[in-house]
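Asks: Here you go, this is upload_17.cif (mmCIF, C-alpha atoms).
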data_input
loop_
_atom_site.label_atom_id
_atom_site.label_comp_id
_atom_site.auth_asym_id
_atom_site.auth_seq_id
_atom_site.Cartn_x
_atom_site.Cartn_y
_atom_site.Cartn_z
CA MET A 670 118.64 101.51 138.49
CA ALA A 671 118.85 98.54 136.12
CA ASP A 672 115.93 96.93 137.98
CA LEU A 673 113.98 100.18 137.62
CA SER A 674 114.41 100.10 133.85
CA ALA A 675 113.37 96.45 133.73
CA LEU A 676 110.30 97.21 135.83
CA ALA A 677 109.27 99.92 133.37
CA ASP A 678 109.40 97.66 130.30
CA GLY A 679 108.02 94.55 132.01
CA THR A 680 111.19 92.44 131.92
CA LEU A 681 111.99 92.49 135.64
CA ALA A 682 112.26 89.00 137.15
CA ALA A 683 109.32 88.03 139.35
CA ASP A 684 111.51 87.40 142.38
CA ARG A 685 112.79 90.99 142.24
CA ARG A 686 109.51 92.80 141.55
CA ALA A 687 108.18 93.12 145.11
CA GLU A 688 111.44 94.54 146.47
CA VAL A 689 111.87 97.03 143.63
CA GLU A 690 108.26 98.18 143.80
CA ALA A 691 108.63 98.76 147.55
CA ARG A 692 111.73 100.90 147.02
CA VAL A 693 109.97 102.90 144.32
CA ALA A 694 106.92 103.44 146.54
CA ALA A 695 109.16 104.92 149.24
CA SER A 696 110.98 107.36 146.93
CA PRO A 697 109.28 110.20 144.98
CA GLU A 698 112.43 110.55 142.88
CA LEU A 699 112.35 106.90 141.85
CA GLN A 700 108.63 107.22 141.13
CA GLU A 701 109.34 110.07 138.72
CA LEU A 702 112.12 108.13 136.99
CA LEU A 703 109.87 105.08 136.65
CA ASP A 704 107.09 107.18 135.16
CA ARG A 705 109.47 108.68 132.59
CA GLN A 706 110.68 105.24 131.58
CA ARG A 707 107.12 103.95 131.19
CA GLN A 708 106.23 106.95 129.02
CA ALA A 709 109.20 106.19 126.78
CA VAL A 710 108.14 102.54 126.46
CA LEU A 711 104.57 103.56 125.56
CA ALA A 712 105.86 106.00 122.94
CA THR A 713 107.91 103.34 121.17
CA GLN A 714 104.93 100.94 121.24
CA ALA A 715 102.70 103.63 119.72
CA ILE A 716 104.85 103.71 116.59
CA SER A 717 103.25 100.41 115.56
CA THR A 718 99.98 102.21 114.77
CA GLU A 719 101.55 104.88 112.58
CA GLU A 720 101.79 104.86 108.81
CA VAL A 721 104.36 106.60 106.68
CA PRO A 722 102.62 109.89 105.70
CA ALA A 723 101.45 110.15 102.09
CA SER A 724 103.26 113.46 101.67
CA LEU A 725 106.51 111.82 102.72
CA ARG A 726 106.02 108.96 100.25
CA VAL A 727 105.41 111.50 97.47
CA ALA A 728 108.58 113.40 98.40
CA VAL A 729 110.67 110.22 98.40
CA GLU A 730 109.15 109.07 95.11
CA SER A 731 110.04 112.43 93.54
CA ARG A 732 113.64 112.20 94.81
CA ARG A 733 113.98 108.66 93.50
CA ARG A 734 112.70 109.62 90.04
CA GLU A 735 115.27 112.43 89.95
CA ARG A 736 118.01 109.93 90.81
CA GLY A 737 116.71 107.24 88.45
CA GLY A 738 116.03 104.86 91.34
CA PRO A 739 113.25 102.26 91.67
CA ARG A 740 109.68 103.41 92.25
CA TRP A 741 107.42 102.26 95.07
CA ALA A 742 106.10 98.85 94.14
CA ARG A 743 103.02 99.00 96.37
CA PRO A 744 101.54 101.10 99.18
CA VAL A 745 103.57 101.17 102.39
CA PRO A 746 102.00 98.84 105.01
CA ARG A 747 101.62 99.45 108.71
CA LEU A 748 104.89 98.71 110.48
CA VAL A 749 105.97 96.94 113.64
CA VAL A 750 107.48 98.97 116.52
CA ALA A 751 111.18 98.81 115.64
CA GLY A 752 110.61 98.59 111.90
CA ALA A 753 108.47 101.73 111.79
CA ALA A 754 111.16 103.96 113.22
CA VAL A 755 113.91 102.41 111.11
CA ALA A 756 111.93 102.63 107.88
CA ALA A 757 110.89 106.20 108.59
CA ALA A 758 114.48 107.05 109.42
CA VAL A 759 115.72 105.64 106.11
CA ILE A 760 113.06 107.64 104.22
CA ALA A 761 113.99 110.74 106.22
CA ALA A 762 117.64 110.33 105.25
CA ILE A 763 116.68 110.55 101.57
CA VAL A 764 114.36 113.53 102.01
CA LEU A 765 116.70 115.39 104.35
CA SER A 766 119.75 115.32 102.08
CA GLY A 767 119.96 118.99 101.23
CA GLY A 768 117.04 119.90 103.55
CA PRO A 769 117.23 123.12 105.56
CA GLY A 770 117.57 121.56 109.02
CA ALA A 771 119.71 118.51 108.23
CA PRO A 772 123.16 120.08 107.63
CA THR A 773 123.53 121.55 111.13
CA VAL A 774 122.32 118.40 112.86
CA ALA A 775 124.49 116.35 110.52
CA ASP A 776 127.50 118.46 111.48
CA ALA A 777 126.89 117.62 115.13
CA ALA A 778 126.70 113.94 114.20
CA ASP A 779 129.94 114.19 112.22
CA LEU A 780 131.74 115.40 115.34
CA ALA A 781 130.64 112.15 116.99
CA THR A 782 132.64 110.07 114.48
CA GLN A 783 135.94 111.40 115.78
CA ALA A 784 137.99 109.95 118.63
CA PRO A 785 137.74 111.23 122.22
CA THR A 786 140.50 113.58 123.38
CA GLU A 787 139.71 113.65 127.11
CA PRO A 788 139.16 110.88 129.69
CA ALA A 789 135.73 109.66 130.72
CA PRO A 790 133.92 111.99 133.15
CA ALA A 791 132.98 110.82 136.63
CA SER A 792 129.46 110.14 137.84
CA GLN A 793 127.77 112.60 140.18
CA GLY A 794 124.73 112.56 142.45
CA LYS A 795 123.55 109.88 144.83
CA LEU A 796 121.47 108.09 142.18
CA GLY A 797 124.27 108.13 139.63
CA THR A 798 122.07 109.35 136.76
CA LYS A 799 124.29 112.21 135.59
CA LEU A 800 127.94 112.75 134.71
CA ALA A 801 130.13 115.57 135.97
CA ILE A 802 130.11 117.38 132.63
CA SER A 803 127.53 119.70 131.08
CA VAL A 804 126.92 122.27 128.35
CA GLY A 805 124.98 125.42 129.19
CA GLY A 806 123.57 123.83 132.32
CA VAL A 807 122.50 120.61 130.54
CA ALA A 808 124.30 117.64 132.11
CA PHE A 809 125.24 114.49 130.25
CA PRO A 810 123.53 111.33 131.53
CA ASP A 811 125.23 108.44 133.31
CA TYR A 812 123.84 105.26 131.75
CA ALA A 813 126.15 102.79 133.49
CA ARG A 814 123.94 101.63 136.38
CA ALA A 815 120.65 101.60 134.51
CA TYR A 816 121.67 100.40 131.05
CA GLY A 817 125.29 99.24 131.17
CA TRP A 818 126.53 101.95 128.78
CA ARG A 819 129.75 103.25 130.35
CA PRO A 820 131.40 106.59 129.48
CA LEU A 821 134.57 106.15 127.43
CA GLY A 822 135.78 109.69 126.87
CA VAL A 823 135.01 113.24 125.80
CA ARG A 824 135.70 115.38 122.76
CA ARG A 825 135.12 119.12 122.38
CA GLY A 826 134.85 120.90 119.04
CA ARG A 827 133.00 123.52 117.05
CA ILE A 828 130.06 123.42 114.68
CA GLY A 829 130.21 126.66 112.75
CA ASP A 830 130.36 129.39 115.39
CA ARG A 831 129.06 127.14 118.17
CA GLY A 832 130.88 124.99 120.65
CA ALA A 833 129.89 121.34 120.95
CA THR A 834 130.80 118.58 123.39
CA VAL A 835 130.59 114.83 122.80
CA VAL A 836 130.56 112.09 125.43
CA PHE A 837 131.24 108.60 124.08
CA TYR A 838 129.74 105.49 125.67
CA GLY A 839 130.51 101.81 125.18
CA LYS A 840 128.71 98.52 125.82
CA ASP A 841 129.43 94.99 124.53
CA GLY A 842 131.64 96.26 121.71
CA ARG A 843 129.12 98.88 120.61
CA ARG A 844 129.58 102.64 120.83
CA LEU A 845 127.25 105.60 121.28
CA ALA A 846 127.98 109.30 121.04
CA TYR A 847 125.93 111.96 122.83
CA VAL A 848 126.42 115.49 121.47
CA ILE A 849 125.24 118.73 123.07
CA VAL A 850 125.60 121.93 121.03
CA SER A 851 125.97 125.25 122.83
CA GLY A 852 123.77 128.27 122.12
CA SER A 853 120.13 128.28 121.09
CA GLY A 854 118.58 125.19 119.54
CA LEU A 855 119.40 124.28 115.95
CA ALA A 856 116.61 123.92 113.41
CA ARG A 857 114.83 120.59 113.74
CA PRO A 858 115.01 118.16 110.79
CA SER A 859 111.61 118.53 109.14
CA GLY A 860 111.16 115.08 107.59
CA ALA A 861 112.29 112.73 110.35
CA GLN A 862 110.08 110.49 112.48
CA ARG A 863 108.55 112.70 115.21
CA ILE A 864 107.90 111.22 118.67
CA VAL A 865 106.84 113.10 121.82
CA VAL A 866 107.74 111.64 125.22
CA ASN A 867 107.13 113.44 128.53
CA GLY A 868 106.48 116.65 126.60
CA VAL A 869 109.80 116.48 124.71
CA GLU A 870 109.80 116.30 120.91
CA TYR A 871 112.27 113.77 119.50
CA ARG A 872 113.21 113.27 115.85
CA VAL A 873 114.51 109.87 114.66
CA LEU A 874 116.55 109.79 111.45
CA ARG A 875 119.63 108.37 109.75
CA LEU A 876 122.73 110.47 109.25
CA ASP A 877 125.48 109.01 107.04
CA GLY A 878 124.03 105.54 107.55
CA ARG A 879 123.85 105.80 111.35
CA LEU A 880 120.61 105.84 113.32
CA ALA A 881 120.24 108.99 115.43
CA VAL A 882 117.81 110.81 117.71
CA THR A 883 117.87 114.59 118.07
CA TRP A 884 115.94 116.81 120.49
CA ARG A 885 116.26 119.93 122.62
CA ARG A 886 116.93 119.95 126.35
CA GLY A 887 117.27 123.18 128.28
CA GLY A 888 117.20 125.02 124.94
CA ARG A 889 120.28 123.13 123.67
CA THR A 890 120.34 120.77 120.72
CA CYS A 891 121.20 117.18 121.67
CA VAL A 892 122.05 114.34 119.29
CA LEU A 893 122.41 110.69 120.31
CA ILE A 894 123.85 108.47 117.59
CA GLY A 895 125.44 105.06 117.26
CA GLY A 896 125.11 101.36 117.92
CA ALA A 897 121.56 100.99 119.23
CA GLY A 898 118.09 100.48 117.78
CA PRO A 899 115.42 103.20 117.67
CA SER A 900 113.60 102.08 120.81
CA GLU A 901 116.79 101.91 122.85
CA LEU A 902 118.00 105.28 121.55
CA LEU A 903 114.69 106.86 122.52
CA GLN A 904 114.79 105.45 126.04
CA LEU A 905 118.38 106.59 126.47
CA ALA A 906 117.56 110.07 125.14
CA ASP A 907 114.75 110.42 127.69
CA TRP A 908 116.97 109.34 130.63
CA PRO A 909 116.90 110.58 133.33
#
Please go through the file and, once you have read it, give me the structure as structure tokens.
Replies:
Amino acid sequence: MADLSALADGTLAADRRAEVEARVAASPELQELLDRQRQAVLATQAISTEEVPASLRVAVESRRRERGGPRWARPVPRLVVAGAAVAAAVIAAIVLSGGPGAPTVADAADLATQAPTEPAPASQGKLGTKLAISVGGVAFPDYARAYGWRPLGVRRGRIGDRGATVVFYGKDGRRLAYVIVSGSGLARPSGAQRIVVNGVEYRVLRLDGRLAVTWRRGGRTCVLIGGAGPSELLQLADWP
């Protein structure tokens, strides 16, 4: 699975490429996974051509004037892949403070700052892409084989009148939290960076200084937040 991810983003070693491509060619399931990964890579690359919308700059400028902060010194330039998502996320954090969709998504993210109360769930399925834990039929992903992010534990809580479950992952001293909220989807943050991959709409933003991605899967609101850059968070959110 790690080789599959490397094949998708072009980092697979040359001496492994032929073998991996042969295995993919013989498996429709692997072909679908590879296609999803390539779509995620293309989506992150496409950010480089996007500019910060003028309406968003105006909103941020207005907020800064209200707070007595510095004004824009010059027009916002086109941004590189990682920088575009990060800059847009920082802007979104300013605009979304007090916005209609942010509080509920922020509450889900706040649950992710707490410690796990249950042990790490086991992997399930022959490909090892999902964990043996789900919310409303939406299973949590198993990132261990493909990305090296291993499950650390689980925490269950409530966001208002809804139940929510968090699975924590760790890799090289970093930590991620993946939250799934029960019930119908929460309102989407309106000012965050919007990216569509494989027909799924993702929103990239910062919540309390932490980079996050939120989207809906199976009608449930999902939030992935923690120690990873925007491109990595997007690829993880779209897996499997």
Asks: Distance atom CA of A:Val689-atom CA of A:Tyr816, one decimal place?
Replies: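 Atom-to-atom, atom CA of A:Val689 to atom CA of A:Tyr816, that is 16.3 Å.
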Asks: Give me the result of the PyMOL selection byres ((chain A and resi 805-814) around 10) on this file, residue by residue, as an NGL selection string.
Replies: :A and (670-672 or 674 or 790-793 or 796-804 or 815-820 or 834-836 or 838-840 or 847-853 or 886-889 or 891 or 905-909)
Asks: Please report the interatomic distance between atom CA of A:Leu855 and atom CA of A:Arg885 in Å with one decimal.
Replies: 8.6 Å
Asks: If we count only C-alpha atoms, what is near A:Val869 at a cut-off of 8 Å, once residues fewer than 3 positions away on the same chain are taken out, given as a PyMOL selection string?
Replies: chain A and resi 865-866+884-885
Asks: Check the smallest atom-to-atom distance from each of A:Arg825, A:Lys795, A:Arg685, A:Arg875 to A:Gly898 using all atoms listed in the file, then report the winner.
Replies: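 The answer is A:Arg875, which sits nearest to A:Gly898.
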Asks: When distances are computed from only C-alpha atoms, which of A:Val823, A:Ala691, A:Val774, A:Val873 shows the smallest separation from A:Pro788?
Replies: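 For A:Pro788, the nearest of the candidates is A:Val823.
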Asks: Smallest atom-to-atom distance to A:Arg863: which of A:Leu845, A:Pro899, A:Arg827, A:Glu690, using all atoms listed in the file?
Replies: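 Among the listed residues, the smallest separation from A:Arg863 belongs to A:Pro899.
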Asks: Residues within 8 Å of A:Ala777, please, as a PDB file with C-alpha atoms, keeping the file's coordinate frame. Count only C-alpha atoms; anything in the same chain fewer than 2 positions from it doesn't count.
Replies:
ATOM      1  CA  THR A 773     123.530 121.550 111.130  1.00  0.00           C
ATOM      2  CA  VAL A 774     122.320 118.400 112.860  1.00  0.00           C
ATOM      3  CA  ALA A 775     124.490 116.350 110.520  1.00  0.00           C
ATOM      4  CA  ASP A 779     129.940 114.190 112.220  1.00  0.00           C
ATOM      5  CA  LEU A 780     131.740 115.400 115.340  1.00  0.00           C
ATOM      6  CA  ALA A 781     130.640 112.150 116.990  1.00  0.00           C
ATOM      7  CA  ILE A 828     130.060 123.420 114.680  1.00  0.00           C
ATOM      8  CA  ALA A 833     129.890 121.340 120.950  1.00  0.00           C
ATOM      9  CA  VAL A 848     126.420 115.490 121.470  1.00  0.00           C
ATOM     10  CA  VAL A 850     125.600 121.930 121.030  1.00  0.00           C
ATOM     11  CA  VAL A 892     122.050 114.340 119.290  1.00  0.00           C
TER      12      VAL A 892
END
Asks: Calculate how many Å separate atom CA of A:Gln706 from atom CA of A:Pro785, rounding to one decimal.
Replies: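 Between atom CA of A:Gln706 and atom CA of A:Pro785 the gap is 29.3 Å.
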